[in-house]
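Just below is one structure, and these are the notes that go with it.
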Amino acid sequence: NLSQEHLSVRTTCPYCGVGCGVRATPQGAQQATIAGDTAHPSNAGRLCVKGSALGETLGLEGRLLHPHVRENGALRQVSWDAALDQVAAQWRAIVAEHGPDAVAFYVSGQLLTEDYYVANKLMKGYVGSANIDTNSRLCMSSAVAGHKRAFGEDIVPVSYDDLELADMIVLVGSNLAWCHPILFQRISKAKEARPDLKIVVIDPRRTATCELADLHLPIKPGTDVWLFNGLLTYLHGIGAVAPDFIAAHTNGYEAALAAAQLTPEQVAQACRLNVADVLAFYEAFAATAKVITGFSMGVNQSTAGTDKVNAIINCHLIGGRIGKPGAGPFSITGQPNAMGGREVGGLANMLAAHLDLDNAAHRAAVRAFWQSPTIAEKPGLKAVDLFQAIEAGKVKAVWIVATNPAVSLPDAEQVRRALGKCELVVVSDVVRDTDTNALAHVLLPALAWGEKDGTVTNSERRISRQRAFLPAPGEARADWQILAQFARRLGYAGFDYAGVHEIFDEHARLSAWCNTPDELPRLFDIGDLAGLDRAAYDALAPVRWPAGRDVFADGRFSHPDGRARFVATPPRLPANKVDGEFPLILNTGRLRDQWHTMTRTGRAPRLAEHTPEPFVDLHPQDALLCGVREGELARIGSSWGSMVARVRHGGGIARGSVFIPIHWNGQTSSDARVGALVNPVVDPVSGEPEFKHTPVMVDRF
Ligand code: SF4
């Protein structure tokens, strides 16, 4: 009703990269009712089951409300001054003795853009090390690397409206129905209105997304590059190319083609598919001008993740299916602000404003804008390497912000060992008890969703406000405030922000400053959003960049010569193969009703009902061979660790594979962390771990 509408606050869902607009109406001190925001262009009022249950995840139970330090093994509540003084003193001493690369941050795609900006400015511009990585490394760093190789800039050249304009949508390694439900609903509606809209799903599992598919290709895990190289060869072979576009706007076509040579028969054999299905896909792609290829974790989380991304992009470049309405490669981002993090250089190998850490002119421009005492000169350690460096004693202090690596990283037991050995582990988080917090020396309480203020950028480059609608509980502070107070303690100027709007302003001005006439203009330039005062920032409506133009519509890309690159992608198998001891391939992923390590969604009983406990889904014949039956508990083991889960069938799993969800942690149930099993092998370009392919065994518990 009208009065409720008047009281409600417009904000953005904190879960996936769809970035749906939410209206939250406070009900008392720590509660609120939740509805979709009909005025938000990305979701037009729709929310999925997780988003609509947000109100059930509020409240202070289990919250970290005061700073604590660990003394003789026990946590003791202290003042903010005492906690930050202790961290600053230890941090300063470690840097003085061992240099800036002996300290590190490990942050999160849950952070707001302003938090991300301050953390990166502090590390890269003031501490002087790029040892700041993020859990987005586990999510979309292969897409970032693929975009940079192909386009010269990390750009997603598709918007959600394009899904309704496409005549064919290919979904690769994406269970969109569960992981990005509002996009799936948009596609379902489009298909309802236009049954000719062709949907192809490429996924080893027959997931809920396949319900919409005209064609499902149950590809052998890890063989996507074969499939898309074969498509490139096929398109070339039948002349389904755009020679003028290739000549005027790309480089590297011949080399990519030479590396791709595969017949449909060879593809079918490598990918364990029917030749007829491979050909049906290729023929449909060739016959359709408006094709979107959406890809997600099944592509990114691989030791060949970056090559998979480029193999897909190659197939769009060959026919000029990019920069046009309803066509293009579409990286579907996992986290709510993985894109905003990318805009501020949130990865250890990136610099703010889509600039490059390994480019001296870019470093100089950012340093001049920040007027900072230094600038990191080389890429920092990526997530998996970072925790290995901690265990090796090379990194002696780590500050973990809003993430739970002792559950979520591959070889999670190694992360525990690393944190157990580290001289200083600081964690700022909203939750009191997590597997990671149990190893912290200092715990700092942060504001949660509904309490904090800032911006996020979703998968279609739309910047939206997350707004506070609840009071700050206990002594919790915004992440940017904690970091700025810490920076000032270290004696750094440049962190005197009167409010979050001033950080956003600086971020926007930096993006314009770097587009000087001497530089190639980058598409990421939000200078028109600079100068917002508090009121204008508060009122900021969702806005997509670049303003007023479609990405790559003019055929101009962000490489210095303005051309896109075909990238040669010779196929490679996953790092570790199955053998007699570990005969099955572990695939991990999300469930429909849970998010990450369940620290928020685990609070809503309604969400837990969907899947109350960890499970391992395997084919009935494999179960027979392993001696386990549906409903029984099984132990799943790999070379890195083991866990216990209940046996299930029916998840559309093919023979030879098992699927285990990522969500359960050591707090919800012992022996339930799938991260303990996952092989810590990474893509050599992106550093993204291979979550989709770990050899495992299954046995009776
Ligand atoms: Fe939130 Fe994603 Fe669901 Fe939208 S689709 S409500 S952003 S979880």
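Within each chain, counting starts at residue 1; across the structure tokens, chains are named A, B, ... in the order shown, with ligands numbered 1 upward in that order.
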**Message:** Taking only C-alpha atoms and all ligand atoms and a cut-off of 6 Å, can you tell me which residues surround ligand 1, written as a list in words?
**Reply:** Cys13, Tyr15, Cys16, Gly17, Val18, Gly19, Cys20, Leu47, Cys48, Lys50, Gly51, His180, Pro181 and Ile182 of chain A
Each residue of segment 275-339 of chain A with at least one atom at most 9 Å from segment 103-127 of chain A should appear once, together with its nearest atom pair and the corresponding distance in Å (one decimal); atoms considered: only C-alpha atoms; ordering: chain, then increasing residue number; output as a Markdown table.
| residue | atom | partner | partner_atom | distance |
| --- | --- | --- | --- | --- |
| A:Gly334 | CA | A:Gly109 | CA | 8.8 |
| A:Gln335 | CA | A:Gly109 | CA | 5.6 |
| A:Pro336 | CA | A:Gln110 | CA | 6.3 |
| A:Asn337 | CA | A:Gly109 | CA | 5.1 |
| A:Ala338 | CA | A:Gly109 | CA | 4.7 |
| A:Met339 | CA | A:Gly109 | CA | 8.2 |
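Shortest atom-to-atom contact with Ala568 of chain A among A:Leu677, A:Ala143, A:Ala24, A:Ala256: A:Ala256, counting only C-alpha atoms.
Of the residues under consideration (A:Ser459, A:Ala213, A:Gln90, A:Ser141), A:Gln90 shows the shortest atom-to-atom contact distance to Glu423 of chain A when counting only C-alpha atoms.
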**Request:** May I have the residues within 7 Å of Ser511 of chain A as a ChimeraX atom specification, using only C-alpha atoms and disregarding those fewer than 6 positions away in the same chain?
**Result:** /A:353,524-527
**Message:** Run DSSP on the backbone and tell me which residues of segment 144-296 of chain A come out as strand (DSSP E or B); list them as JSON, numbers by chain.
**Reply:** {"A": [168, 169, 170, 171, 172, 198, 199, 200, 201, 202, 215, 216, 217, 250, 251, 291, 292, 293, 294, 295]}
**Message:** Show me, as a PyMOL selection string, the residues that have an atom within 12 Å of Ile400 of chain A when counting only C-alpha atoms, minus same-chain residues fewer than 6 positions from it.
**Reply:** chain A and resi 103-108+111+119+131-135+383+386-387+406+419+424-429+436-437+439-444+446+479+483
**Test item: residues at most 12 Å from segment 284-289 of chain A, only C-alpha atoms, excluding those fewer than 4 positions along its chain, as a ChimeraX atom specification** = /A:165-170,196-200,214-215,228,231-242,277-280,293,312,315-322,324-328
Keeping N, CA and C atoms for every residue in the selection just given, could you write it to a file as a short mmCIF file (atom, residue, chain, number, x, y, z; two decimals), in the first residue's frame?
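This is the output file out_36.cif:
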data_model
loop_
_atom_site.label_atom_id
_atom_site.label_comp_id
_atom_site.auth_asym_id
_atom_site.auth_seq_id
_atom_site.Cartn_x
_atom_site.Cartn_y
_atom_site.Cartn_z
N LEU A 165 16.18 -9.98 -27.21
CA LEU A 165 16.34 -9.65 -28.63
C LEU A 165 17.01 -10.78 -29.41
N ALA A 166 17.62 -11.72 -28.68
CA ALA A 166 18.36 -12.80 -29.36
C ALA A 166 17.40 -13.79 -30.00
N ASP A 167 17.88 -14.47 -31.05
CA ASP A 167 17.12 -15.56 -31.67
C ASP A 167 17.65 -16.92 -31.23
N MET A 168 18.83 -16.90 -30.59
CA MET A 168 19.38 -18.16 -30.07
C MET A 168 20.21 -17.80 -28.82
N ILE A 169 20.00 -18.57 -27.77
CA ILE A 169 20.79 -18.36 -26.54
C ILE A 169 21.49 -19.68 -26.22
N VAL A 170 22.81 -19.61 -26.15
CA VAL A 170 23.61 -20.78 -25.79
C VAL A 170 24.07 -20.57 -24.35
N ASP A 196 10.20 -19.81 -31.25
CA ASP A 196 11.32 -20.05 -32.17
C ASP A 196 12.67 -19.71 -31.54
N LEU A 197 12.65 -18.97 -30.45
CA LEU A 197 13.91 -18.65 -29.76
C LEU A 197 14.57 -19.97 -29.38
N LYS A 198 15.75 -20.20 -29.91
CA LYS A 198 16.41 -21.50 -29.72
C LYS A 198 17.29 -21.44 -28.47
N ILE A 199 17.17 -22.44 -27.62
CA ILE A 199 18.00 -22.49 -26.41
C ILE A 199 18.85 -23.76 -26.46
N VAL A 200 20.14 -23.58 -26.35
CA VAL A 200 21.08 -24.71 -26.29
C VAL A 200 21.78 -24.66 -24.94
N ASP A 214 16.13 -26.54 -26.23
CA ASP A 214 15.81 -27.29 -27.44
C ASP A 214 16.85 -28.38 -27.65
N LEU A 215 18.05 -28.08 -27.17
CA LEU A 215 19.15 -29.04 -27.35
C LEU A 215 20.04 -28.98 -26.11
N PHE A 228 34.12 -25.53 -29.04
CA PHE A 228 34.08 -24.20 -29.68
C PHE A 228 35.16 -24.06 -30.76
N LEU A 231 33.51 -25.49 -33.61
CA LEU A 231 32.52 -24.55 -34.16
C LEU A 231 33.22 -23.51 -35.04
N LEU A 232 34.37 -23.01 -34.58
CA LEU A 232 35.12 -22.03 -35.37
C LEU A 232 35.51 -22.64 -36.72
N THR A 233 36.03 -23.87 -36.66
CA THR A 233 36.42 -24.57 -37.89
C THR A 233 35.22 -24.74 -38.82
N TYR A 234 34.10 -25.14 -38.24
CA TYR A 234 32.88 -25.38 -39.03
C TYR A 234 32.41 -24.08 -39.70
N LEU A 235 32.36 -22.99 -38.93
CA LEU A 235 31.88 -21.72 -39.48
C LEU A 235 32.78 -21.26 -40.62
N HIS A 236 34.07 -21.43 -40.42
CA HIS A 236 35.00 -21.06 -41.49
C HIS A 236 34.76 -21.95 -42.71
N GLY A 237 34.61 -23.24 -42.45
CA GLY A 237 34.48 -24.21 -43.54
C GLY A 237 33.27 -23.95 -44.42
N ILE A 238 32.17 -23.52 -43.84
CA ILE A 238 30.96 -23.30 -44.66
C ILE A 238 30.85 -21.83 -45.10
N GLY A 239 31.85 -21.05 -44.77
CA GLY A 239 31.82 -19.64 -45.20
C GLY A 239 30.91 -18.77 -44.36
N ALA A 240 30.55 -19.22 -43.16
CA ALA A 240 29.70 -18.40 -42.28
C ALA A 240 30.59 -17.41 -41.52
N VAL A 241 31.21 -16.54 -42.27
CA VAL A 241 32.14 -15.58 -41.68
C VAL A 241 31.73 -14.16 -42.10
N ALA A 242 32.25 -13.18 -41.38
CA ALA A 242 32.00 -11.78 -41.72
C ALA A 242 33.34 -11.18 -42.14
N ASP A 277 24.21 -34.29 -32.68
CA ASP A 277 23.95 -33.16 -31.77
C ASP A 277 24.96 -32.04 -31.98
N VAL A 278 26.22 -32.42 -32.17
CA VAL A 278 27.25 -31.40 -32.42
C VAL A 278 26.89 -30.62 -33.68
N LEU A 279 26.51 -31.35 -34.72
CA LEU A 279 26.16 -30.69 -35.99
C LEU A 279 24.91 -29.83 -35.85
N ALA A 280 23.94 -30.32 -35.08
CA ALA A 280 22.71 -29.54 -34.88
C ALA A 280 23.05 -28.20 -34.22
N THR A 293 25.95 -16.10 -26.29
CA THR A 293 26.52 -17.25 -25.59
C THR A 293 26.78 -16.83 -24.15
N ILE A 312 35.09 -19.23 -27.01
CA ILE A 312 33.70 -18.75 -27.21
C ILE A 312 33.71 -17.41 -27.94
N CYS A 315 34.27 -17.48 -31.64
CA CYS A 315 33.11 -17.88 -32.45
C CYS A 315 32.13 -16.72 -32.64
N HIS A 316 32.19 -15.72 -31.78
CA HIS A 316 31.37 -14.52 -31.99
C HIS A 316 32.06 -13.55 -32.95
N LEU A 317 33.39 -13.46 -32.84
CA LEU A 317 34.11 -12.53 -33.72
C LEU A 317 34.05 -12.98 -35.18
N ILE A 318 34.09 -14.28 -35.42
CA ILE A 318 34.19 -14.75 -36.81
C ILE A 318 32.99 -14.31 -37.65
N GLY A 319 31.84 -14.22 -37.04
CA GLY A 319 30.65 -13.81 -37.79
C GLY A 319 30.20 -12.40 -37.44
N GLY A 320 31.02 -11.66 -36.69
CA GLY A 320 30.63 -10.31 -36.28
C GLY A 320 29.43 -10.30 -35.35
N ARG A 321 29.25 -11.40 -34.58
CA ARG A 321 28.11 -11.46 -33.65
C ARG A 321 28.49 -10.81 -32.32
N ILE A 322 28.75 -9.54 -32.38
CA ILE A 322 29.16 -8.79 -31.18
C ILE A 322 28.91 -7.32 -31.45
N LYS A 324 26.15 -5.89 -31.41
CA LYS A 324 24.87 -5.70 -32.09
C LYS A 324 23.76 -6.14 -31.15
N PRO A 325 22.57 -5.58 -31.29
CA PRO A 325 21.48 -5.99 -30.41
C PRO A 325 21.23 -7.50 -30.49
N GLY A 326 21.11 -8.14 -29.35
CA GLY A 326 20.78 -9.57 -29.31
C GLY A 326 21.93 -10.48 -29.67
N ALA A 327 23.16 -9.99 -29.64
CA ALA A 327 24.29 -10.86 -30.00
C ALA A 327 25.51 -10.54 -29.15
N GLY A 328 26.26 -11.59 -28.77
CA GLY A 328 27.53 -11.36 -28.07
C GLY A 328 27.81 -12.44 -27.04
#
Considering only C-alpha atoms, return as a PDB file with C-alpha atoms, in the first residue's frame whatever protein or nucleic-acid residues lie within 9 Å of Leu171 of chain A, sequence-local ones (same chain, fewer than 5 positions apart) excluded.
ATOM      1  CA  LEU A 176      20.907 -20.387 -14.852  1.00  0.00           C
ATOM      2  CA  ILE A 199      17.999 -22.493 -26.411  1.00  0.00           C
ATOM      3  CA  VAL A 200      21.075 -24.707 -26.295  1.00  0.00           C
ATOM      4  CA  VAL A 201      22.481 -25.839 -22.940  1.00  0.00           C
ATOM      5  CA  ILE A 202      26.032 -27.157 -22.768  1.00  0.00           C
ATOM      6  CA  ASP A 203      26.611 -28.812 -19.418  1.00  0.00           C
ATOM      7  CA  THR A 209      18.086 -25.158 -16.914  1.00  0.00           C
ATOM      8  CA  ILE A 292      24.121 -14.820 -27.218  1.00  0.00           C
ATOM      9  CA  THR A 293      26.516 -17.252 -25.592  1.00  0.00           C
ATOM     10  CA  GLY A 294      26.075 -16.981 -21.831  1.00  0.00           C
ATOM     11  CA  PHE A 295      28.758 -18.648 -19.781  1.00  0.00           C
ATOM     12  CA  SER A 296      29.403 -19.019 -16.104  1.00  0.00           C
TER      13      SER A 296
END
**Message:** Between atom CA of Ile585 of chain A and atom CA of Ser657 of chain A, what distance in Å does the model show, to one decimal?
**Reply:** 4.5 Å
**Asked** Residues at most 9 Å from segment 623-637 of chain A, counting only C-alpha atoms, excluding those fewer than 6 positions away in the same chain, as a ChimeraX atom specification?
**Response** /A:582,615-616,643-649,677,695-701
For the selection just defined, write its residues with C-alpha atoms to a file, as a PDB file, in the first residue's frame.
ATOM      1  CA  PHE A 582      40.130 -41.807  -7.624  1.00  0.00           C
ATOM      2  CA  PHE A 615      24.719 -34.552  -0.481  1.00  0.00           C
ATOM      3  CA  VAL A 616      26.731 -36.253  -3.173  1.00  0.00           C
ATOM      4  CA  MET A 643      34.132 -35.197   3.520  1.00  0.00           C
ATOM      5  CA  VAL A 644      30.902 -36.975   4.371  1.00  0.00           C
ATOM      6  CA  ALA A 645      27.611 -36.503   2.514  1.00  0.00           C
ATOM      7  CA  ARG A 646      24.354 -38.338   1.860  1.00  0.00           C
ATOM      8  CA  VAL A 647      24.060 -40.264  -1.394  1.00  0.00           C
ATOM      9  CA  ARG A 648      21.537 -38.991  -3.895  1.00  0.00           C
ATOM     10  CA  HIS A 649      20.490 -39.781  -7.423  1.00  0.00           C
ATOM     11  CA  LEU A 677      38.460 -32.122  -1.580  1.00  0.00           C
ATOM     12  CA  PRO A 695      39.379 -36.879  -9.213  1.00  0.00           C
ATOM     13  CA  VAL A 696      37.637 -38.460  -6.210  1.00  0.00           C
ATOM     14  CA  MET A 697      36.519 -41.783  -4.762  1.00  0.00           C
ATOM     15  CA  VAL A 698      33.234 -42.565  -3.002  1.00  0.00           C
ATOM     16  CA  ASP A 699      32.953 -45.186  -0.295  1.00  0.00           C
ATOM     17  CA  ARG A 700      30.584 -46.272   2.478  1.00  0.00           C
ATOM     18  CA  PHE A 701      30.855 -44.170   5.603  1.00  0.00           C
TER      19      PHE A 701
END
Please build the interface table for segment 205-268 of chain A against segment 545-559 of chain A with a cut-off of 10 Å, listing for each qualifying residue the nearest atom pair and the distance in Å to one decimal; count only C-alpha atoms, order rows by chain and increasing number, and write it as a tab-separated table.
residue	atom	partner	partner_atom	distance
A:Phe245	CA	A:Gly555	CA	7.9
A:Ala248	CA	A:Gly555	CA	8.3
A:His249	CA	A:Gly555	CA	6.1
A:Thr250	CA	A:Phe557	CA	8.9
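Distance check against Tyr253 of chain A using only C-alpha atoms: of A:Val291, A:Ile313, A:Ala541, A:Cys514, the minimum falls on A:Ile313.
Using only C-alpha atoms, the smallest distance between any of A:Pro473, A:Arg544, A:Gln301, A:Gly128 and Gly99 of chain A comes from A:Gly128.
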**Asked** What is the distance, in Å and to one decimal place, between atom CA of Phe369 of chain A and atom CA of His354 of chain A?
**Response**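 Computing the Euclidean distance for atom CA of Phe369 of chain A and atom CA of His354 of chain A yields 14.6 Å.
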